[in-house]
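S.K.: Have a look at this one.
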Amino acid sequence: MAPRRRAALDDGSAKRLREWATRTSGPLTSELAERLVTESQRWRHDLETVAFRIAETEKELPALERQANSPAATEEDKHHFQSANAALRLARKHRADLQGEYWIAVAERAGLLPNYTLMDDSVTLDVALRWMDPESGAYETDSLDYHRNAALALREFAPRARFYARGYRVEIDAVDLGAGGEAVRTYAFCPVCGFRADVTSEAAPSACPRCAADGMADVRQRLDVVELTRASSVMRRDEAGIDDSSDERERVAFDERFIADIDPAKVTRQWYVADYGFGVKHLRNMDLTWLNLGRRAGHGSTKVLGGHEVDAELFRVCGECGKLDQEMSRNSRYEHRPWCRLRESADENAVSIALSRSLVTEGLVLRLPPMTSTGNAFAVPSLEAALNLGLREHIGGAPDHLSVESVVDTDIVDGHGGLVYDALLLHDLVTGGTGYLIDLAEPSMMRTVLQQALAVVAGCSCGEDGRLACHRCLLPFARPGNARLVSRSEAERLLGDLLRAGTNEPLDSWTVTDVPVVSFDPESKMEQLFRKRLVERLGVLGATVKEHPSTHGIRYDINVGGRHWSLDPQVQMGHTQPDFVLRTADPNILPMVIYCDGWRWHASPKTNRIAEDAENRRILRESGNLVVGLSWTDLEMSGEQGQPSWYDAGTVIGTANQMNVGLRPEHADVIGGSAMDLIIWWIQSADLAGLQAIGKVLPFLVAGPAQLKGDAGSGDLTAAAVDLLAGKGMTGSPSAWAWCEDTLVWLNRFDPTTFSTDVVLVLDDETVGPDHKEAWRSWLRYSNLLGARTTGTAITARTLAGATGAEILPEMVEGPKVDAVWGPVLEMATPSETALLNALRDAGVDQVPELGHEVGGVPVFAFVDDRIVVDVDGLDEEDRNLLAAEGWQVVSASLDEIQAALNGVSR
């Protein structure tokens with residue numbers, strides 16, 4: 001028989017294992033020996049703590065028994081005696097468990113021996129049920145214990161949680177705080193990254209050592225934390241029994257957070273895709289922490305953990321025995337375990353704690369390109385699910401010993417905090433790790449995993465059905481509660497971007513470097529930041545925003561003030577594809593076409609598209625659209641920042657009154673505000689008359705401070721403006737005036753016979769560079785405000801003077817051809833709505849539905865005249881009840897069912 005082959009360690013692993021077990025000098029000096037001594041001392045300490053509790057409870061029992069059996073005993077006295085008996089039984093059982101556990105199991109739990117079951121650490125719930133024997137009249141106690149892995153126990157064994165087993169509903173009322181509450185440790189948490197520092201007996205660092213962020217010394221960033229190892233419950237058996245009063249198990253929702261300390265000293269290997277933000281770090285002995293911050297619906301102090309703001313209610317428990325505090329500012333003996341030294345204290349000594357689960361293991365950090373999730377709630381959840389999908393495809397089965405979490409990764413640049421990156425952490429669930437992740441740290445292996453994930457999501461048929469994702473692609477890997485944020489199309493887009501390294505060309509492999517990419521042009525991510533700022537501003541207004549992934553990006557459905565808007569990305573409009581189109585179903589409200597213009601990509605010496613932009617936007621305005629161009633400054637401005645030097649709110653209103661133009665204070669704010677202010681105002685008001693009035697008043701606001709005044713003649717005003725750019729002055733009667741900013745000329749001419757004003761805004765696109773950036777930004781700002789004028793307006797570039805549109809515009813890009821009846825509604829549709837609309841049109845349905853029609857504040861896909869609503873995206877029960885109460889018929893997104901309903905109505 002051939003000898004069995006033994007799995008061999010690589011040389012590096014074998015060397016580290018020998019070093020770990022070899023003493024450095026005398027006895028007990030190896031890392032193995034030191035760890036054994038530590039775990040032995042911990043075991044003895046736990047045993048002494050339990051022995052103390054048993055002794056204290058036994059000491060109290062006689063007095064409690066006499067009081068419970070006295071003629072004047074109350075139900076509370078009897079209850080307390082029963083609870084003490086139950087607690088004593090629990091403590092004795094705990095001691096028996098400690099003394100009787102097999103030594104190999106103890107060593108496995110301590111991480112000294114490998115745990116081949118690949119199971120997480122276990123947490124114990126001790127339960128004592130008491131009752132009165134109806135025959136003997138004696139009090140009886142039954143002790144039970146339940147075990148859960150630490151991941152589940154963090155919420156299932158938390159105080160106030162209800163745990164169901166063996167026909168009982170157990171309400172957890174205490175956690176083990178160790179002897180004298182020693183398990184309570186105070187930590188200071190970094191508000192930006194996953195670093196935390198134990199400050200129980202020392203001061204918090206002034207700045208985070210991982211990301212250099214300030215704020216750790218702030219007392220609001222401190223939390224008292226207890227590592228959950230044991231919980232308990234003492235109840236009457238009749239209270240714990242499950243009856244028919246409730247068909248549903250009651251679950252308490254807790255606010256749980258995950259943080260990971262990405263310590264550069266523990267990085268064994270790292271690489272980054274050259275000239276791109278994606279990279280991978282492999283770390284050994286990473287410190288991972290899961291926190292339970294109390295009930296999700298509770299109210300507590302606000303803290304910022306790992307870049308996320310949380311409202312932490314925490315768990316208020318006795319600082320000695322860990323029993324849940326029921327009443328603040330008052331101490332009661334019944335709020336303590338019988339052995340607690342604080343039972344008879346006059347003062348309350350409660351602490352508010354978070355529960356934690358800690359793991360030191362192997363991890364792989366996948367740093368994502370900058371601003372991946374900015375303005376896109378689907379990005380990280382979709383990539384997280386896609387990574388799990390790729391691992392399943394690569395391994396050939398579910399990787400039960402691996403897990404993926406969303407984290408943040410940071411850089412320190414020249415001693416200061418650098419960029420904060422979204423990241424995914426692929427980590428082992430076994431203490432110390434299994435060594436599996438070291439292979440995945442290879443660029444070729446990671447690329448293979450991502451390619452396998454992309455192959456599945458790109459080929460999944462759920463895209464044709466208009467669904468976000470399905471059981472064949474990403475849904476099995478969605479985190480609980482995150483299914484609505486997992487999108488197949490977003491995963492496909494993001495995976496493709498990672499594999500192409502942010503380019504438009506396919507790559508066979510990455511070019512990698514050991515140095516992280518720290519240079520980053522934020523203007524390349526303007527669309528993401530615009531979405532983020534828009535949602536923030538709309539949230540202040542109380543608007544509701546729903547996100548819908550599409551093949552071109554994330555579409556927003558916005559409901560504010562009873563009006564429904566859609567914000568669609570990357571809509572092809574003739575020669576141009578703007579970043580967003582904002583529109584509503586009301587045909588009387590003009591669409592707003594929005595461009596996020598980065599200077600480097602539109603007005604720099606390397607990429608000068610000023611003339612092309614001017615001509616494309618002229619055509620859009622003449623086609624009945626409002627056009628708004630944003631620069632990076634518009635997304636950063638607030639309040640009075642960036643107002644034109646000629647702007648004065650009082651002058652605006654005074655000038656408008658003299659002209660008898662109906663301008664209100666809010667219009668003055670629009671003139672002095674940013675492009676974002678203009679967009680938000682338009683969503684609130686859709687006030688076209690107000691925007692046109694702004695265009696009428698605007699030329700006269702610069703008449704006083706204008707640098708040039710004189711006669712511009714009666715000829716071509718654009719040619720006159722170009723002459724001013726060339727340095728020509730103005731003379732004669734001041735019937736015209738020009739506001740000049742560097743390479744920008746804004747020329748206005750008043751005709752006293754018609755009382756009208758002609759306006760030309762021209763930017764010199766032959767003179768560009770960083771020194772002329774502000775002139776370009778002003779050109780965008782004034783274009784936004786003048787664009788709604790109906791006559792006598794030219795917004796152009798110097799090189800366009802005398803040129804035809806055919807000389808400037810690129811070759812026409814053909815958009816999809818749709819007919820005049822179904823075209824407007826198809827342009828506003830989501831992918832799921834588009835598939836259904838095409839099916840209805842092809843089937844010859846005469847009625848055209850309305851998208852976003854509101855019934856009681858609920859936007860629906862509706863045949864309004866027939867009062868039929870089609871459930872496209874999944875209406876909840878509350879919405880269905882509302883629609884039924886309003887007399888609407890709800891049908892599924894089935895062509896046959898819709899046609900049957902429409903035919904039924906017609907009959």
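Convention: chains lettered A, B, ... in structure tokens order; per-chain residue numbering from 1; ligands numbered from 1 as shown.
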Write out as a PyMOL selection string the residues lying within 9 Å of His548 in chain A, counting only C-alpha atoms and excluding same-chain residues fewer than 5 positions away.

M.R.: chain A and resi 378+468+487+553-557+830-831

S.K.: I need the residues from that last selection saved to file as a short mmCIF file (atom, residue, chain, number, x, y, z; two decimals), in the first residue's frame (with N, CA, C and O atoms), if you can.

M.R.:
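Okay, out-v8.cif is ready:
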data_model
loop_
_atom_site.label_atom_id
_atom_site.label_comp_id
_atom_site.auth_asym_id
_atom_site.auth_seq_id
_atom_site.Cartn_x
_atom_site.Cartn_y
_atom_site.Cartn_z
N PHE A 378 -26.52 51.75 -3.82
CA PHE A 378 -26.47 50.39 -4.33
C PHE A 378 -25.04 49.89 -4.53
O PHE A 378 -24.82 48.68 -4.66
N LEU A 468 -34.25 43.93 -9.87
CA LEU A 468 -32.94 44.39 -9.40
C LEU A 468 -31.93 43.24 -9.42
O LEU A 468 -30.80 43.40 -9.87
N SER A 487 -28.17 45.30 -6.62
CA SER A 487 -28.58 45.47 -8.02
C SER A 487 -27.64 44.73 -8.95
O SER A 487 -26.42 44.94 -8.90
N GLY A 553 -27.05 53.92 -14.86
CA GLY A 553 -26.76 54.47 -13.54
C GLY A 553 -28.00 54.46 -12.65
O GLY A 553 -28.95 53.72 -12.91
N ILE A 554 -27.98 55.28 -11.62
CA ILE A 554 -29.06 55.31 -10.64
C ILE A 554 -30.07 56.39 -11.01
O ILE A 554 -29.71 57.56 -11.17
N ARG A 555 -31.33 55.98 -11.14
CA ARG A 555 -32.40 56.93 -11.37
C ARG A 555 -33.06 57.27 -10.03
O ARG A 555 -33.28 56.39 -9.20
N TYR A 556 -33.38 58.55 -9.83
CA TYR A 556 -34.07 58.99 -8.62
C TYR A 556 -35.53 59.32 -8.95
O TYR A 556 -35.81 60.00 -9.94
N ASP A 557 -36.43 58.82 -8.10
CA ASP A 557 -37.82 59.27 -8.11
C ASP A 557 -38.00 60.16 -6.89
O ASP A 557 -37.79 59.72 -5.75
N THR A 830 -38.35 53.16 -15.69
CA THR A 830 -37.27 52.33 -15.17
C THR A 830 -37.16 51.08 -16.05
O THR A 830 -38.05 50.83 -16.88
N PRO A 831 -36.09 50.28 -15.91
CA PRO A 831 -36.00 49.07 -16.75
C PRO A 831 -37.20 48.15 -16.62
O PRO A 831 -37.68 47.60 -17.63
#

S.K.: May I have the residues within 6 Å of range 137-153 of chain A as a list in words, using only C-alpha atoms and disregarding those fewer than 4 positions away in the same chain?

M.R.: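 Returned residues: Ala86, Asp120, Asp121, Ser122, Val123, Thr124, Leu125, Asp126, Val127, Ala128, Leu129, Arg130, Trp131, Met132, Asp133 and Phe157 of chain A.
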
S.K.: Restricting it to N, CA, C and O atoms, dump the selection as an mmCIF file, in the first residue's frame.

M.R.:
data_model
loop_
_atom_site.group_PDB
_atom_site.id
_atom_site.type_symbol
_atom_site.label_atom_id
_atom_site.label_comp_id
_atom_site.auth_asym_id
_atom_site.auth_seq_id
_atom_site.Cartn_x
_atom_site.Cartn_y
_atom_site.Cartn_z
ATOM 1 N N ALA A 86 -33.079 30.289 42.085
ATOM 2 C CA ALA A 86 -32.800 30.044 40.673
ATOM 3 C C ALA A 86 -31.398 30.523 40.302
ATOM 4 O O ALA A 86 -30.661 29.845 39.576
ATOM 5 N N ASP A 120 -17.530 29.525 15.066
ATOM 6 C CA ASP A 120 -17.232 30.738 15.812
ATOM 7 C C ASP A 120 -17.195 30.437 17.307
ATOM 8 O O ASP A 120 -17.621 29.369 17.760
ATOM 9 N N ASP A 121 -16.669 31.376 18.122
ATOM 10 C CA ASP A 121 -16.726 31.246 19.567
ATOM 11 C C ASP A 121 -18.166 31.114 20.033
ATOM 12 O O ASP A 121 -19.087 31.670 19.422
ATOM 13 N N SER A 122 -18.353 30.401 21.137
ATOM 14 C CA SER A 122 -19.700 30.144 21.635
ATOM 15 C C SER A 122 -20.013 31.044 22.827
ATOM 16 O O SER A 122 -19.144 31.348 23.642
ATOM 17 N N VAL A 123 -21.269 31.486 22.906
ATOM 18 C CA VAL A 123 -21.781 32.270 24.039
ATOM 19 C C VAL A 123 -22.896 31.462 24.695
ATOM 20 O O VAL A 123 -23.709 30.841 24.004
ATOM 21 N N THR A 124 -22.932 31.475 26.021
ATOM 22 C CA THR A 124 -23.901 30.669 26.771
ATOM 23 C C THR A 124 -24.992 31.554 27.353
ATOM 24 O O THR A 124 -24.717 32.632 27.897
ATOM 25 N N LEU A 125 -26.206 31.086 27.249
ATOM 26 C CA LEU A 125 -27.344 31.715 27.919
ATOM 27 C C LEU A 125 -27.805 30.778 29.029
ATOM 28 O O LEU A 125 -28.235 29.654 28.777
ATOM 29 N N ASP A 126 -27.700 31.223 30.284
ATOM 30 C CA ASP A 126 -28.175 30.463 31.443
ATOM 31 C C ASP A 126 -29.594 30.893 31.771
ATOM 32 O O ASP A 126 -29.865 32.091 31.932
ATOM 33 N N VAL A 127 -30.485 29.938 31.867
ATOM 34 C CA VAL A 127 -31.892 30.230 32.127
ATOM 35 C C VAL A 127 -32.338 29.464 33.364
ATOM 36 O O VAL A 127 -32.092 28.256 33.480
ATOM 37 N N ALA A 128 -32.981 30.184 34.275
ATOM 38 C CA ALA A 128 -33.566 29.559 35.460
ATOM 39 C C ALA A 128 -35.069 29.802 35.444
ATOM 40 O O ALA A 128 -35.506 30.960 35.398
ATOM 41 N N LEU A 129 -35.849 28.734 35.443
ATOM 42 C CA LEU A 129 -37.306 28.828 35.454
ATOM 43 C C LEU A 129 -37.808 28.320 36.803
ATOM 44 O O LEU A 129 -37.435 27.226 37.247
ATOM 45 N N ARG A 130 -38.624 29.104 37.454
ATOM 46 C CA ARG A 130 -39.126 28.733 38.781
ATOM 47 C C ARG A 130 -40.650 28.615 38.722
ATOM 48 O O ARG A 130 -41.309 29.296 37.936
ATOM 49 N N TRP A 131 -41.166 27.720 39.588
ATOM 50 C CA TRP A 131 -42.608 27.559 39.668
ATOM 51 C C TRP A 131 -42.955 26.900 40.990
ATOM 52 O O TRP A 131 -42.085 26.383 41.704
ATOM 53 N N MET A 132 -44.227 26.920 41.315
ATOM 54 C CA MET A 132 -44.691 26.284 42.552
ATOM 55 C C MET A 132 -45.353 24.961 42.194
ATOM 56 O O MET A 132 -46.236 24.904 41.335
ATOM 57 N N ASP A 133 -44.909 23.894 42.884
ATOM 58 C CA ASP A 133 -45.500 22.578 42.676
ATOM 59 C C ASP A 133 -46.909 22.594 43.268
ATOM 60 O O ASP A 133 -47.081 22.815 44.476
ATOM 61 N N PHE A 157 -28.881 37.023 22.403
ATOM 62 C CA PHE A 157 -28.690 36.945 23.851
ATOM 63 C C PHE A 157 -28.490 38.320 24.483
ATOM 64 O O PHE A 157 -28.004 38.427 25.607
#

S.K.: Please report, as a PyMOL selection string, each residue of range 435-649 of chain A to which DSSP assigns strand (DSSP E or B) when run on this structure's backbone.

M.R.: chain A and resi 512-513+544-550+553-560+563-569+573+576+580-584+592-596+603+608+626-630

S.K.: Find the residues near range 439-443 of chain A: any atom within 10 Å, counting only C-alpha atoms, skip ones fewer than 6 places away on the same chain, and give them as a PyMOL selection string.

M.R.: chain A and resi 268-273+279-283+363-366+391+426+449+509-512

S.K.: Generate the output file for the selected residues, N, CA and C atoms, as a PDB file, in the first residue's frame.

M.R.:
ATOM      1  N   THR A 268       0.891  41.999   5.406  1.00  0.00           N
ATOM      2  CA  THR A 268       1.947  41.122   4.901  1.00  0.00           C
ATOM      3  C   THR A 268       2.211  41.338   3.416  1.00  0.00           C
ATOM      4  N   ARG A 269       1.196  41.839   2.712  1.00  0.00           N
ATOM      5  CA  ARG A 269       1.363  42.127   1.305  1.00  0.00           C
ATOM      6  C   ARG A 269       0.297  43.114   0.872  1.00  0.00           C
ATOM      7  N   GLN A 270       0.649  44.014  -0.028  1.00  0.00           N
ATOM      8  CA  GLN A 270      -0.341  44.913  -0.596  1.00  0.00           C
ATOM      9  C   GLN A 270       0.044  45.240  -2.040  1.00  0.00           C
ATOM     10  N   TRP A 271      -0.958  45.472  -2.851  1.00  0.00           N
ATOM     11  CA  TRP A 271      -0.731  45.903  -4.229  1.00  0.00           C
ATOM     12  C   TRP A 271      -1.917  46.754  -4.681  1.00  0.00           C
ATOM     13  N   TYR A 272      -1.632  47.608  -5.661  1.00  0.00           N
ATOM     14  CA  TYR A 272      -2.642  48.535  -6.170  1.00  0.00           C
ATOM     15  C   TYR A 272      -2.558  48.561  -7.688  1.00  0.00           C
ATOM     16  N   VAL A 273      -3.705  48.727  -8.319  1.00  0.00           N
ATOM     17  CA  VAL A 273      -3.725  48.853  -9.775  1.00  0.00           C
ATOM     18  C   VAL A 273      -3.180  50.229 -10.127  1.00  0.00           C
ATOM     19  N   GLY A 279      -7.214  48.388  -4.948  1.00  0.00           N
ATOM     20  CA  GLY A 279      -6.046  47.702  -4.418  1.00  0.00           C
ATOM     21  C   GLY A 279      -6.433  46.670  -3.383  1.00  0.00           C
ATOM     22  N   VAL A 280      -5.463  45.844  -2.983  1.00  0.00           N
ATOM     23  CA  VAL A 280      -5.710  44.749  -2.046  1.00  0.00           C
ATOM     24  C   VAL A 280      -4.599  44.729  -0.999  1.00  0.00           C
ATOM     25  N   LYS A 281      -4.991  44.521   0.264  1.00  0.00           N
ATOM     26  CA  LYS A 281      -4.038  44.326   1.361  1.00  0.00           C
ATOM     27  C   LYS A 281      -4.350  43.009   2.055  1.00  0.00           C
ATOM     28  N   HIS A 282      -3.312  42.246   2.355  1.00  0.00           N
ATOM     29  CA  HIS A 282      -3.473  41.039   3.154  1.00  0.00           C
ATOM     30  C   HIS A 282      -2.913  41.315   4.541  1.00  0.00           C
ATOM     31  N   LEU A 283      -3.708  41.025   5.585  1.00  0.00           N
ATOM     32  CA  LEU A 283      -3.295  41.277   6.964  1.00  0.00           C
ATOM     33  C   LEU A 283      -3.436  40.011   7.795  1.00  0.00           C
ATOM     34  N   GLY A 363      -7.303  38.686   7.239  1.00  0.00           N
ATOM     35  CA  GLY A 363      -8.222  39.489   6.437  1.00  0.00           C
ATOM     36  C   GLY A 363      -7.611  39.948   5.137  1.00  0.00           C
ATOM     37  N   LEU A 364      -8.499  40.227   4.185  1.00  0.00           N
ATOM     38  CA  LEU A 364      -8.110  40.742   2.881  1.00  0.00           C
ATOM     39  C   LEU A 364      -8.946  41.992   2.630  1.00  0.00           C
ATOM     40  N   VAL A 365      -8.283  43.156   2.560  1.00  0.00           N
ATOM     41  CA  VAL A 365      -8.978  44.426   2.361  1.00  0.00           C
ATOM     42  C   VAL A 365      -8.939  44.780   0.883  1.00  0.00           C
ATOM     43  N   LEU A 366     -10.117  44.938   0.285  1.00  0.00           N
ATOM     44  CA  LEU A 366     -10.233  45.354  -1.110  1.00  0.00           C
ATOM     45  C   LEU A 366     -10.612  46.827  -1.131  1.00  0.00           C
ATOM     46  N   LEU A 391     -16.646  34.249  -5.095  1.00  0.00           N
ATOM     47  CA  LEU A 391     -15.986  33.239  -4.254  1.00  0.00           C
ATOM     48  C   LEU A 391     -16.670  31.882  -4.401  1.00  0.00           C
ATOM     49  N   LEU A 426     -12.730  40.942   3.235  1.00  0.00           N
ATOM     50  CA  LEU A 426     -12.955  39.491   3.178  1.00  0.00           C
ATOM     51  C   LEU A 426     -12.132  38.889   4.308  1.00  0.00           C
ATOM     52  N   VAL A 449     -11.563  35.852  -9.603  1.00  0.00           N
ATOM     53  CA  VAL A 449     -12.789  35.862  -8.790  1.00  0.00           C
ATOM     54  C   VAL A 449     -13.755  36.923  -9.301  1.00  0.00           C
ATOM     55  N   SER A 509      -4.975  41.998 -18.129  1.00  0.00           N
ATOM     56  CA  SER A 509      -4.442  41.924 -16.766  1.00  0.00           C
ATOM     57  C   SER A 509      -4.257  43.332 -16.244  1.00  0.00           C
ATOM     58  N   TRP A 510      -4.043  43.442 -14.940  1.00  0.00           N
ATOM     59  CA  TRP A 510      -3.762  44.739 -14.326  1.00  0.00           C
ATOM     60  C   TRP A 510      -2.259  44.996 -14.321  1.00  0.00           C
ATOM     61  N   THR A 511      -1.894  46.247 -14.373  1.00  0.00           N
ATOM     62  CA  THR A 511      -0.532  46.661 -14.045  1.00  0.00           C
ATOM     63  C   THR A 511      -0.551  47.098 -12.589  1.00  0.00           C
ATOM     64  N   VAL A 512       0.197  46.393 -11.729  1.00  0.00           N
ATOM     65  CA  VAL A 512       0.096  46.647 -10.290  1.00  0.00           C
ATOM     66  C   VAL A 512       1.376  47.279  -9.768  1.00  0.00           C
TER      67      VAL A 512
END

S.K.: Might you pull out every residue within 12 Å of Gly727 in chain A, with only C-alpha atoms counted and same-chain residues fewer than 6 positions away left off, and present them as a list in words?

M.R.: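 My list of contacting residues is Leu708, Ala720, Ala721, Cys740, Asp742, Thr743, Leu744 and Val745 of chain A.
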
S.K.: Skip Leu800 in chain A itself and residues of its chain fewer than 6 positions away, then list as a list of chain:residue names all residues within 10 Å of it, counting only C-alpha atoms.

M.R.: A:Ile610, A:Ala611, A:Glu612, A:Ala614, A:Glu615, A:Thr718, A:Val762, A:Leu763, A:Asp764, A:Asp765, A:Glu807, A:Ile808

S.K.: Save out the residues we just selected, C-alpha atoms, as a tab-separated table (two decimals), in the first residue's frame.

M.R.:
chain	number	residue	atom	x	y	z
A	610	ILE	CA	-16.19	75.01	-24.46
A	611	ALA	CA	-17.42	75.61	-28.02
A	612	GLU	CA	-18.96	72.15	-28.29
A	614	ALA	CA	-22.03	76.03	-25.91
A	615	GLU	CA	-23.52	74.75	-29.18
A	718	THR	CA	-21.91	88.84	-30.79
A	762	VAL	CA	-19.19	85.02	-24.72
A	763	LEU	CA	-16.19	83.15	-23.32
A	764	ASP	CA	-12.79	83.22	-24.97
A	765	ASP	CA	-12.14	79.53	-25.55
A	807	GLU	CA	-18.54	72.83	-38.02
A	808	ILE	CA	-18.62	72.48	-34.26

S.K.: Given only C-alpha atoms as the basis, pick out the residue of A:Leu36, A:Met526, A:Leu355, A:Leu324 nearest to Val184 in chain A.

M.R.: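 For Val184 in chain A, the nearest of the candidates is A:Leu355.
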
S.K.: Which is closer to Trp822 in chain A than all the others in A:Ala501, A:Leu851, A:Ala265, A:Ala72, using only C-alpha atoms?

M.R.: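 The answer is A:Leu851, which sits nearest to Trp822 in chain A.
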
S.K.: List the neighbours of Val697 in chain A out to 8 Å using only C-alpha atoms; skip same-chain residues closer than 6 positions along the sequence, and give me the result as a list in words.

M.R.: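 My reading of the contact set: Val652, Thr655, Ala656, Met659 and Val661 of chain A.
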